[in-house]
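Asker: Below you'll find run32.cif; it's mmCIF, C-alpha atoms.
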data_query
loop_
_atom_site.label_atom_id
_atom_site.label_comp_id
_atom_site.auth_asym_id
_atom_site.auth_seq_id
_atom_site.Cartn_x
_atom_site.Cartn_y
_atom_site.Cartn_z
CA PRO W 297 -146.21 3.25 91.62
CA THR W 298 -145.36 5.18 88.84
CA SER W 299 -141.75 5.06 88.02
CA ALA W 300 -139.98 8.10 87.14
CA PRO W 301 -138.75 8.09 83.56
CA THR W 302 -135.33 6.95 83.20
CA THR W 303 -133.10 9.51 81.71
CA ILE W 304 -130.10 8.13 79.90
CA THR W 305 -127.25 10.44 79.95
CA PRO W 306 -125.09 9.96 76.92
CA PRO W 307 -121.51 9.48 77.67
CA PRO W 308 -119.44 12.51 77.16
CA THR W 309 -117.92 12.91 73.78
CA LEU W 310 -114.34 12.10 74.02
CA LYS W 311 -111.92 14.24 72.06
CA PRO W 312 -109.04 12.42 70.71
CA THR W 313 -105.99 12.86 72.70
CA PRO W 314 -103.51 14.65 70.56
CA SER W 315 -100.58 12.37 69.77
CA PRO W 316 -97.13 13.56 70.26
CA THR W 317 -97.02 14.14 66.58
CA SER W 318 -99.90 16.44 66.71
CA LEU W 319 -97.28 19.07 66.34
CA PRO W 320 -96.15 19.80 62.80
CA VAL W 321 -94.31 16.80 61.59
CA PHE W 322 -91.00 17.53 59.93
CA PRO W 323 -88.90 15.02 58.11
CA PRO W 324 -86.01 13.86 60.16
CA THR W 325 -82.88 15.87 59.73
CA PRO W 326 -80.37 13.77 57.81
CA LEU W 327 -77.52 12.75 59.90
CA PRO W 328 -74.08 13.75 58.84
CA SER W 329 -71.72 11.25 57.20
CA PRO W 330 -71.49 8.07 59.14
CA THR W 331 -67.83 8.82 59.65
CA PRO W 332 -67.51 10.78 62.79
CA THR W 333 -66.64 14.31 62.02
CA SER W 334 -64.13 14.28 64.75
CA THR W 335 -61.71 12.10 62.63
CA PRO W 336 -60.18 12.86 59.16
CA THR W 337 -62.13 11.69 56.22
CA VAL W 338 -60.52 8.53 54.82
CA LEU W 339 -60.32 8.66 51.04
CA PRO W 340 -60.83 5.50 49.06
CA THR W 341 -57.61 3.59 48.39
CA LEU W 342 -56.57 4.32 44.79
CA PRO W 343 -53.51 3.24 42.77
CA PRO W 344 -50.76 5.86 42.73
CA SER W 345 -51.15 8.43 40.06
CA PRO W 346 -48.54 7.98 37.27
CA LEU W 347 -45.75 10.50 37.45
CA PRO W 348 -44.93 12.56 34.39
CA THR W 349 -41.58 10.74 34.06
CA LEU W 350 -41.48 7.05 34.76
CA THR W 351 -38.90 6.26 37.35
CA PRO W 352 -38.64 2.53 37.86
CA THR W 353 -38.03 1.17 41.24
CA ILE W 354 -35.17 -0.93 39.84
CA GLU W 355 -31.73 0.11 38.66
CA CYS W 356 -30.64 -0.60 35.09
CA VAL W 357 -26.98 -0.52 34.04
CA LYS W 358 -25.23 0.44 30.84
CA GLY W 359 -25.95 -2.03 28.08
CA GLN W 360 -29.56 -2.46 29.29
CA TYR W 361 -32.87 -0.81 28.64
CA TYR W 362 -36.06 -0.52 30.73
CA GLU W 363 -38.93 -2.80 29.68
CA GLU W 364 -42.10 -0.99 30.77
CA SER W 365 -44.46 -3.93 30.37
CA SER W 366 -42.57 -6.07 32.84
CA ASN W 367 -40.88 -3.35 34.86
CA THR W 368 -37.53 -5.04 34.27
CA CYS W 369 -34.10 -4.23 32.90
CA GLU W 370 -33.21 -6.16 29.74
CA ASP W 371 -29.87 -6.55 27.93
CA CYS W 372 -29.49 -4.81 24.58
CA PRO W 373 -29.31 -7.29 21.69
CA ALA W 374 -26.26 -7.61 19.44
CA ALA W 375 -25.67 -4.63 17.10
CA LYS W 376 -27.23 -2.28 19.69
CA TYR W 377 -26.09 -0.52 22.85
CA THR W 378 -27.05 1.91 25.61
CA ASP W 379 -24.81 4.35 27.41
CA PHE W 380 -26.46 6.36 30.19
CA THR W 381 -25.45 7.63 33.61
CA GLU W 382 -28.72 7.87 35.53
CA ALA W 383 -32.50 7.48 35.38
CA PRO W 384 -34.78 7.87 33.55
CA TYR W 385 -33.56 4.77 31.77
CA PRO W 386 -33.96 4.38 27.99
CA THR W 387 -36.81 2.18 26.85
CA ASP W 388 -34.92 1.02 23.77
CA CYS W 389 -31.31 0.48 22.64
CA THR W 390 -29.41 2.49 20.03
CA SER W 391 -28.32 0.78 16.82
CA CYS W 392 -24.61 0.77 15.95
CA ALA W 393 -23.59 3.52 13.54
CA THR W 394 -22.63 2.65 9.97
CA GLY W 395 -19.30 0.86 9.88
CA PHE W 396 -19.51 -0.18 13.54
CA VAL W 397 -20.39 -3.59 14.98
CA GLN W 398 -21.26 -5.23 18.28
CA PRO W 399 -21.39 -9.03 18.34
CA LEU W 400 -22.34 -9.31 22.02
CA THR W 401 -25.48 -8.51 24.02
CA GLY W 402 -25.65 -6.10 26.95
CA GLN W 403 -22.96 -3.73 25.67
CA ASP W 404 -22.53 0.00 26.11
CA THR W 405 -20.52 0.73 22.92
CA CYS W 406 -20.03 -0.43 19.33
CA GLU W 407 -16.66 -1.17 17.77
CA ASN W 408 -15.23 0.39 14.63
CA CYS W 409 -13.94 -2.10 12.05
CA ASP W 410 -10.17 -2.06 11.49
CA THR W 411 -8.53 -0.96 8.25
CA GLY W 412 -9.42 -3.31 5.42
CA LYS W 413 -12.59 -4.54 7.08
CA TYR W 414 -16.25 -3.54 6.89
CA ALA W 415 -19.38 -4.22 8.93
CA ASN W 416 -21.68 -6.99 7.73
CA THR W 417 -25.35 -6.26 7.13
CA ALA W 418 -26.37 -7.39 10.61
CA GLN W 419 -23.56 -5.25 12.10
CA THR W 420 -22.48 -8.15 14.28
CA GLU W 421 -19.02 -8.76 12.79
CA CYS W 422 -16.31 -7.16 10.64
CA VAL W 423 -15.65 -8.77 7.26
CA THR W 424 -12.01 -8.78 6.04
CA CYS W 425 -11.28 -7.67 2.47
CA GLU W 426 -8.52 -9.32 0.44
CA GLY W 427 -5.19 -8.01 -0.75
CA GLY W 428 -5.65 -5.90 -3.87
CA GLN W 429 -8.84 -4.42 -2.43
CA TYR W 430 -9.96 -1.46 -0.37
CA THR W 431 -13.06 -1.11 1.78
CA THR W 432 -15.82 1.33 2.49
CA SER W 433 -18.08 1.03 5.51
CA SER W 434 -20.20 -1.57 3.76
CA ASP W 435 -18.26 -3.47 1.07
CA CYS W 436 -14.91 -4.38 -0.57
CA PHE W 437 -13.75 -2.97 -3.91
CA ASP W 438 -10.90 -4.04 -6.22
CA CYS W 439 -7.97 -1.69 -6.73
CA PRO W 440 -8.21 -0.10 -10.20
CA SER W 441 -5.63 -0.45 -12.97
CA GLY W 442 -2.23 0.98 -12.02
CA GLN W 443 -2.91 0.76 -8.29
CA TYR W 444 -2.15 -1.95 -5.77
CA ALA W 445 -2.63 -2.96 -2.14
CA PRO W 446 -0.42 -5.57 -0.43
CA SER W 447 -3.23 -6.00 2.09
CA ALA W 448 -6.75 -4.63 2.21
CA GLN W 449 -6.83 -0.86 2.61
CA SER W 450 -9.25 1.68 4.04
CA GLU W 451 -11.64 3.78 2.01
CA GLU W 452 -8.82 6.22 1.24
CA GLY W 453 -8.00 3.69 -1.47
CA CYS W 454 -5.07 1.77 -2.92
CA PHE W 455 -1.50 2.86 -3.65
CA GLU W 456 -0.35 4.11 -7.04
CA CYS W 457 2.56 2.45 -8.80
CA GLN W 458 5.41 4.88 -9.33
CA ALA W 459 6.81 5.72 -12.75
CA GLY W 460 8.82 2.83 -14.15
CA PHE W 461 6.51 0.24 -12.60
CA LYS W 462 3.29 -1.53 -13.54
CA THR W 463 0.67 -3.64 -11.84
CA ASN W 464 0.61 -7.34 -12.56
CA LEU W 465 -3.14 -7.38 -13.20
CA ILE W 466 -5.72 -5.09 -14.73
CA THR W 467 -7.37 -4.77 -11.30
CA LYS W 468 -6.93 -6.16 -7.77
CA SER W 469 -3.15 -6.10 -7.85
CA THR W 470 -1.20 -6.68 -4.65
CA THR W 471 2.18 -5.47 -5.94
CA CYS W 472 3.84 -3.34 -8.60
CA THR W 473 6.52 -4.78 -10.87
CA ALA W 474 9.40 -2.89 -12.47
CA CYS W 475 9.23 -2.38 -16.22
CA ASP W 476 11.65 -4.64 -18.09
CA SER W 477 14.66 -3.27 -19.96
CA GLY W 478 13.53 -1.68 -23.19
CA TYR W 479 10.23 -0.59 -21.64
CA TYR W 480 9.05 2.35 -19.54
CA SER W 481 6.03 3.87 -17.80
CA ILE W 482 5.29 7.44 -16.76
CA VAL W 483 1.78 7.09 -15.31
CA VAL W 484 -0.10 4.54 -13.23
CA THR W 485 -0.66 1.61 -15.54
CA SER W 486 -1.08 -2.13 -15.75
CA SER W 487 1.51 -2.43 -18.55
CA CYS W 488 4.70 -0.75 -19.72
CA LEU W 489 5.39 0.83 -23.11
CA SER W 490 8.24 -0.24 -25.39
CA CYS W 491 11.01 2.20 -26.23
CA PRO W 492 10.93 3.32 -29.88
CA GLU W 493 13.75 2.77 -32.37
CA GLY W 494 16.81 4.84 -31.61
CA LYS W 495 16.21 4.75 -27.87
CA PHE W 496 16.81 2.34 -25.02
CA SER W 497 16.09 1.85 -21.33
CA GLY W 498 17.16 -0.23 -18.37
CA ASN W 499 14.91 -1.74 -15.71
CA ALA W 500 12.25 0.37 -13.99
CA ALA W 501 12.64 3.23 -16.46
CA SER W 502 10.30 6.19 -16.47
CA GLU W 503 11.54 7.26 -19.91
CA CYS W 504 13.71 6.06 -22.76
CA THR W 505 17.11 7.53 -23.60
CA ASN W 506 18.60 8.46 -26.97
CA CYS W 507 21.60 6.46 -28.07
CA THR W 508 24.86 8.31 -27.55
CA ALA W 509 27.17 9.33 -30.40
CA GLY W 510 28.78 6.33 -32.06
CA PHE W 511 25.85 4.05 -31.21
CA TYR W 512 22.43 3.28 -32.65
CA SER W 513 19.28 1.21 -32.00
CA PRO W 514 17.48 -0.25 -35.00
CA HIS W 515 14.65 -1.98 -33.07
CA ASN W 516 11.89 -1.25 -30.58
CA ALA W 517 12.21 -2.26 -26.93
CA SER W 518 16.01 -2.04 -26.93
CA SER W 519 17.75 -2.49 -23.60
CA GLY W 520 20.92 -0.93 -25.01
CA CYS W 521 22.40 0.58 -28.14
CA LEU W 522 24.76 -1.04 -30.63
CA ALA W 523 28.15 0.41 -31.51
CA CYS W 524 28.54 1.60 -35.07
CA ALA W 525 30.70 -0.86 -36.99
CA ALA W 526 34.12 -0.01 -38.48
CA GLY W 527 33.60 2.12 -41.58
CA PHE W 528 30.55 3.79 -39.97
CA TYR W 529 29.88 6.54 -37.43
CA SER W 530 27.08 8.46 -35.77
CA LEU W 531 26.75 11.94 -34.33
CA GLU W 532 24.98 12.92 -31.14
CA ILE W 533 22.17 15.06 -32.47
CA ASN W 534 19.68 14.87 -29.56
CA GLN W 535 17.31 12.63 -31.42
CA PRO W 536 16.88 8.86 -31.77
CA THR W 537 19.58 7.21 -33.87
CA THR W 538 18.36 4.21 -35.77
CA LEU W 539 21.23 3.87 -38.29
CA CYS W 540 24.91 4.79 -38.47
CA GLU W 541 26.35 7.04 -41.17
CA VAL W 542 28.73 5.46 -43.70
CA CYS W 543 32.27 6.71 -44.23
CA GLU W 544 32.51 7.98 -47.80
CA SER W 545 35.28 7.11 -50.28
CA GLY W 546 38.55 8.74 -49.37
CA LYS W 547 37.72 8.32 -45.69
CA TYR W 548 37.91 5.43 -43.30
CA GLN W 549 37.19 4.40 -39.73
CA GLY W 550 38.97 1.41 -38.34
CA ALA W 551 37.33 1.36 -34.88
CA THR W 552 33.76 0.71 -33.74
CA GLY W 553 31.49 3.14 -31.90
CA GLN W 554 33.01 6.26 -33.46
CA THR W 555 31.59 9.69 -34.10
CA SER W 556 33.48 10.57 -37.30
CA CYS W 557 35.58 9.23 -40.20
CA ASN W 558 39.24 9.94 -40.97
CA ASP W 559 40.76 11.09 -44.26
CA CYS W 560 43.10 8.67 -45.99
CA ASP W 561 46.70 9.87 -45.65
CA ALA W 562 48.56 11.26 -48.67
CA GLY W 563 49.85 8.38 -50.75
CA LYS W 564 46.85 6.30 -49.78
CA TYR W 565 43.29 6.06 -50.95
CA THR W 566 39.99 4.24 -50.62
CA SER W 567 37.61 4.12 -53.53
CA THR W 568 34.69 2.52 -51.68
CA ASN W 569 32.37 3.63 -48.96
CA ALA W 570 32.37 2.15 -45.45
CA SER W 571 36.12 1.52 -45.52
CA SER W 572 37.89 0.50 -42.37
CA THR W 573 41.34 1.19 -43.85
CA CYS W 574 43.04 2.92 -46.78
CA LEU W 575 45.18 1.36 -49.52
CA SER W 576 48.64 2.59 -50.58
CA CYS W 577 49.04 4.06 -54.01
CA ALA W 578 50.98 1.97 -56.54
CA ILE W 579 54.54 2.80 -57.53
CA GLU W 580 54.78 5.80 -59.82
CA SER W 581 51.43 7.14 -58.54
CA TYR W 582 50.49 9.47 -55.74
CA SER W 583 47.51 10.88 -53.87
CA ILE W 584 46.79 13.79 -51.62
CA GLU W 585 45.07 13.47 -48.22
CA GLY W 586 41.50 12.17 -48.39
CA SER W 587 41.81 10.77 -51.90
CA SER W 588 39.60 8.13 -53.35
CA VAL W 589 42.03 7.43 -56.22
CA CYS W 590 45.75 7.72 -56.88
CA THR W 591 47.31 9.79 -59.71
CA LEU W 592 50.21 8.61 -61.91
CA SER W 593 53.28 10.70 -61.15
CA SER W 594 54.77 12.48 -64.21
CA GLU W 595 58.45 12.72 -65.16
CA GLY W 596 59.91 15.85 -63.66
CA TYR W 597 58.12 15.26 -60.37
CA TYR W 598 58.84 13.24 -57.27
CA LEU W 599 56.88 12.19 -54.24
CA ASP W 600 57.76 13.97 -51.01
CA ASP W 601 57.44 12.45 -47.54
CA THR W 602 53.70 13.04 -47.54
CA GLY W 603 53.18 11.29 -50.84
CA LYS W 604 52.57 14.54 -52.67
CA SER W 605 53.93 14.95 -56.20
CA VAL W 606 56.42 17.79 -56.16
CA VAL W 607 58.23 19.49 -59.06
CA CYS W 608 61.75 18.24 -59.38
CA PRO W 609 64.30 20.86 -58.28
CA HIS W 610 66.91 22.35 -60.62
CA HIS W 611 69.98 20.30 -61.40
CA ALA W 612 68.17 17.06 -60.52
CA VAL W 613 66.51 14.29 -62.43
CA CYS W 614 63.17 12.97 -61.21
CA VAL W 615 61.45 9.84 -62.37
CA GLY W 616 57.81 9.48 -61.51
CA ALA W 617 57.03 7.90 -58.17
CA GLU W 618 60.53 8.20 -56.80
CA THR W 619 60.62 9.73 -53.43
CA LEU W 620 63.85 11.59 -53.81
CA PRO W 621 65.23 13.56 -56.76
CA ARG W 622 68.35 12.14 -58.39
CA PRO W 623 71.37 14.39 -58.62
CA TYR W 624 71.79 15.70 -62.12
CA SER W 625 74.83 14.13 -63.91
#
Please re-express this file's structure in structure tokens.
Answerer:
Amino acid sequence: PTSAPTTITPPPTLKPTPSPTSLPVFPPTPLPSPTPTSTPTVLPTLPPSPLPTLTPTIECVKGQYYEESSNTCEDCPAAKYTDFTEAPYPTDCTSCATGFVQPLTGQDTCENCDTGKYANTAQTECVTCEGGQYTTSSDCFDCPSGQYAPSAQSEEGCFECQAGFKTNLITKSTTCTACDSGYYSIVVTSSCLSCPEGKFSGNAASECTNCTAGFYSPHNASSGCLACAAGFYSLEINQPTTLCEVCESGKYQGATGQTSCNDCDAGKYTSTNASSTCLSCAIESYSIEGSSVCTLSSEGYYLDDTGKSVVCPHHAVCVGAETLPRPYS
């Protein structure tokens, strides 16, 4: 028997089953920050921002300063100080002013040097000047000529010797000494001047004095005047007297230290200068007051009580040098 042709039916064409992604594929929406939005965002831990003014967390005291590198308070060294009342603390100490010192550390002031002392270069101690010196803020200086200082003085300087005194040394004197007799001083000086001839002085004189009448001074540096000798005199003429005047003939002076000469009395005389006395006229001679010679009395004259030759009166006889007329006989 004839078989019927076999017809092969092809299997149906299968269409691919659309995958779930057959829809347009979009990139996944990025999720928000992993930190849940329901809690505050935590910022990264950072060091604290520096404040405009550094305020340490420690407390410094006067005499200290703040050391930034170590965040510590350190004592000020010698010759420096700090003096503050509150933060911010100083980061360095203040140096002592000129003439001030501080030998210790950690101090809040500097000390002024006492009179006669000055600050050393390091400003850690006061140096004492010697007598005869004065000080500035940085050194000692010798007192100049005519000035003195028993102990070291301040920068106002040394004391001046008063008139009549001198310093013992050219410079650096500690005392003043009175001028000796016969010397004087009128300005600050290291030596006294001698009084000139005709003048004198005592101790500590600021000037010399003229010799008084009847006295003289023939030398320099006289401590007193000499009395004019007998037969001499001097006048007070407001100028130095170096010599006495001599009494001329017919005059005399028997005392010393006199201001004038005396005339010889009538009946006496002196023929030489510088006489201390007068001589009596010889018999039969006479002289008037102040005579340097006697005169022979003539017949017909007599000497009266003053030694004067007087004409003999009438009815009398007179012989030269008799003191009374003889009755006429």
Asker: Can you turn the PyMOL selection byres ((chain W and resi 466-477) around 6) into a concrete residue list for this file, as a ChimeraX atom specification?
Answerer: /W:427-429,438-441,444-446,457,460-463,465,478-480,486,488,497-500,519
Asker: Identify, on the basis of all atoms listed in the file, every residue whose closest approach to Thr537 (chain W) does not exceed 8 Å; exclude the query and any residue fewer than 2 positions from it along the same chain; express the result as a PDB file with C-alpha atoms, in the coordinates of the input.
Answerer:
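The result, stored in part00.pdb:
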ATOM      1  CA  GLU W 493      13.750   2.770 -32.370  1.00  0.00           C
ATOM      2  CA  GLY W 494      16.810   4.840 -31.610  1.00  0.00           C
ATOM      3  CA  LYS W 495      16.210   4.750 -27.870  1.00  0.00           C
ATOM      4  CA  ASN W 506      18.600   8.460 -26.970  1.00  0.00           C
ATOM      5  CA  CYS W 507      21.600   6.460 -28.070  1.00  0.00           C
ATOM      6  CA  PHE W 511      25.850   4.050 -31.210  1.00  0.00           C
ATOM      7  CA  TYR W 512      22.430   3.280 -32.650  1.00  0.00           C
ATOM      8  CA  SER W 513      19.280   1.210 -32.000  1.00  0.00           C
ATOM      9  CA  PRO W 514      17.480  -0.250 -35.000  1.00  0.00           C
ATOM     10  CA  SER W 530      27.080   8.460 -35.770  1.00  0.00           C
ATOM     11  CA  GLN W 535      17.310  12.630 -31.420  1.00  0.00           C
ATOM     12  CA  LEU W 539      21.230   3.870 -38.290  1.00  0.00           C
ATOM     13  CA  CYS W 540      24.910   4.790 -38.470  1.00  0.00           C
TER      14      CYS W 540
END
Asker: Once the PyMOL selection byres ((chain W and resi 423) around 10) is applied to the coordinates I shared, what remains selected? I want it as a tab-separated table (two decimals) with C-alpha atoms, keeping the file's coordinate frame.
Answerer:
chain	number	residue	atom	x	y	z
W	409	CYS	CA	-13.94	-2.10	12.05
W	410	ASP	CA	-10.17	-2.06	11.49
W	412	GLY	CA	-9.42	-3.31	5.42
W	413	LYS	CA	-12.59	-4.54	7.08
W	414	TYR	CA	-16.25	-3.54	6.89
W	415	ALA	CA	-19.38	-4.22	8.93
W	416	ASN	CA	-21.68	-6.99	7.73
W	419	GLN	CA	-23.56	-5.25	12.10
W	420	THR	CA	-22.48	-8.15	14.28
W	421	GLU	CA	-19.02	-8.76	12.79
W	422	CYS	CA	-16.31	-7.16	10.64
W	424	THR	CA	-12.01	-8.78	6.04
W	425	CYS	CA	-11.28	-7.67	2.47
W	426	GLU	CA	-8.52	-9.32	0.44
W	431	THR	CA	-13.06	-1.11	1.78
W	434	SER	CA	-20.20	-1.57	3.76
W	435	ASP	CA	-18.26	-3.47	1.07
W	436	CYS	CA	-14.91	-4.38	-0.57
Asker: Would you compute the distance between CA of Ser391 (chain W) and CA of Gln360 (chain W)? Give it in Å to one decimal.
Answerer: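 We find that CA of Ser391 (chain W) and CA of Gln360 (chain W) lie 12.9 Å from each other.
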Asker: I need the residue set behind the PyMOL selection byres ((chain W and resi 548-551) around 12) for this file; please write it as a VMD selection string.
Answerer: chain W and resid 510 523 to 530 541 to 547 552 to 561 564 to 575 585 to 588
Asker: Measure the distance from CA of Asn534 (chain W) to CA of Ser487 (chain W) in Å and round it to one decimal.
Answerer: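 Atom-to-atom, CA of Asn534 (chain W) to CA of Ser487 (chain W), that is 27.4 Å.
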Asker: Rounded to one decimal, what separation in Å do you get between CA of Glu532 (chain W) and CA of Ala517 (chain W)?
Answerer: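 Going from CA of Glu532 (chain W) over to CA of Ala517 (chain W) covers 20.3 Å.
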Asker: Mind filling out region 389-406 of chain W with N, CA, C and O atoms and sending it as a tab-separated table (two decimals), keeping the file's coordinate frame?
Answerer:
chain	number	residue	atom	x	y	z
W	389	CYS	N	-32.75	0.38	22.84
W	389	CYS	CA	-31.31	0.48	22.64
W	389	CYS	C	-31.03	1.22	21.33
W	389	CYS	O	-31.87	1.28	20.43
W	390	THR	N	-29.84	1.75	21.22
W	390	THR	CA	-29.41	2.49	20.03
W	390	THR	C	-28.66	1.57	19.08
W	390	THR	O	-27.78	0.81	19.52
W	391	SER	N	-29.00	1.61	17.81
W	391	SER	CA	-28.32	0.78	16.82
W	391	SER	C	-26.91	1.29	16.58
W	391	SER	O	-26.64	2.51	16.65
W	392	CYS	N	-25.99	0.39	16.28
W	392	CYS	CA	-24.61	0.77	15.95
W	392	CYS	C	-24.61	1.65	14.71
W	392	CYS	O	-25.39	1.45	13.78
W	393	ALA	N	-23.71	2.64	14.70
W	393	ALA	CA	-23.59	3.52	13.54
W	393	ALA	C	-23.02	2.74	12.36
W	393	ALA	O	-22.44	1.66	12.52
W	394	THR	N	-23.16	3.29	11.17
W	394	THR	CA	-22.63	2.65	9.97
W	394	THR	C	-21.13	2.41	10.10
W	394	THR	O	-20.38	3.31	10.48
W	395	GLY	N	-20.71	1.20	9.79
W	395	GLY	CA	-19.30	0.86	9.88
W	395	GLY	C	-18.88	0.35	11.24
W	395	GLY	O	-17.72	-0.03	11.42
W	396	PHE	N	-19.80	0.31	12.20
W	396	PHE	CA	-19.51	-0.18	13.54
W	396	PHE	C	-20.27	-1.48	13.78
W	396	PHE	O	-21.33	-1.72	13.19
W	397	VAL	N	-19.76	-2.30	14.68
W	397	VAL	CA	-20.39	-3.59	14.98
W	397	VAL	C	-20.39	-3.83	16.49
W	397	VAL	O	-19.63	-3.20	17.23
W	398	GLN	N	-21.27	-4.74	16.92
W	398	GLN	CA	-21.26	-5.23	18.28
W	398	GLN	C	-21.81	-6.65	18.27
W	398	GLN	O	-23.01	-6.87	18.11
W	399	PRO	N	-20.94	-7.64	18.41
W	399	PRO	CA	-21.39	-9.03	18.34
W	399	PRO	C	-22.04	-9.54	19.62
W	399	PRO	O	-22.71	-10.56	19.60
W	400	LEU	N	-21.85	-8.83	20.73
W	400	LEU	CA	-22.34	-9.31	22.02
W	400	LEU	C	-23.60	-8.57	22.46
W	400	LEU	O	-23.94	-7.50	21.95
W	401	THR	N	-24.30	-9.15	23.42
W	401	THR	CA	-25.48	-8.51	24.02
W	401	THR	C	-25.06	-7.77	25.28
W	401	THR	O	-24.00	-8.04	25.86
W	402	GLY	N	-25.90	-6.82	25.71
W	402	GLY	CA	-25.65	-6.10	26.95
W	402	GLY	C	-24.42	-5.22	26.93
W	402	GLY	O	-23.71	-5.13	27.93
W	403	GLN	N	-24.16	-4.55	25.80
W	403	GLN	CA	-22.96	-3.73	25.67
W	403	GLN	C	-23.30	-2.24	25.65
W	403	GLN	O	-24.41	-1.84	25.31
W	404	ASP	N	-22.29	-1.45	26.04
W	404	ASP	CA	-22.53	0.00	26.11
W	404	ASP	C	-21.82	0.77	24.98
W	404	ASP	O	-21.86	2.00	24.97
W	405	THR	N	-21.16	0.08	24.07
W	405	THR	CA	-20.52	0.73	22.92
W	405	THR	C	-20.57	-0.21	21.71
W	405	THR	O	-20.87	-1.40	21.85
W	406	CYS	N	-20.25	0.36	20.54
W	406	CYS	CA	-20.03	-0.43	19.33
W	406	CYS	C	-18.58	-0.25	18.91
W	406	CYS	O	-17.94	0.75	19.27
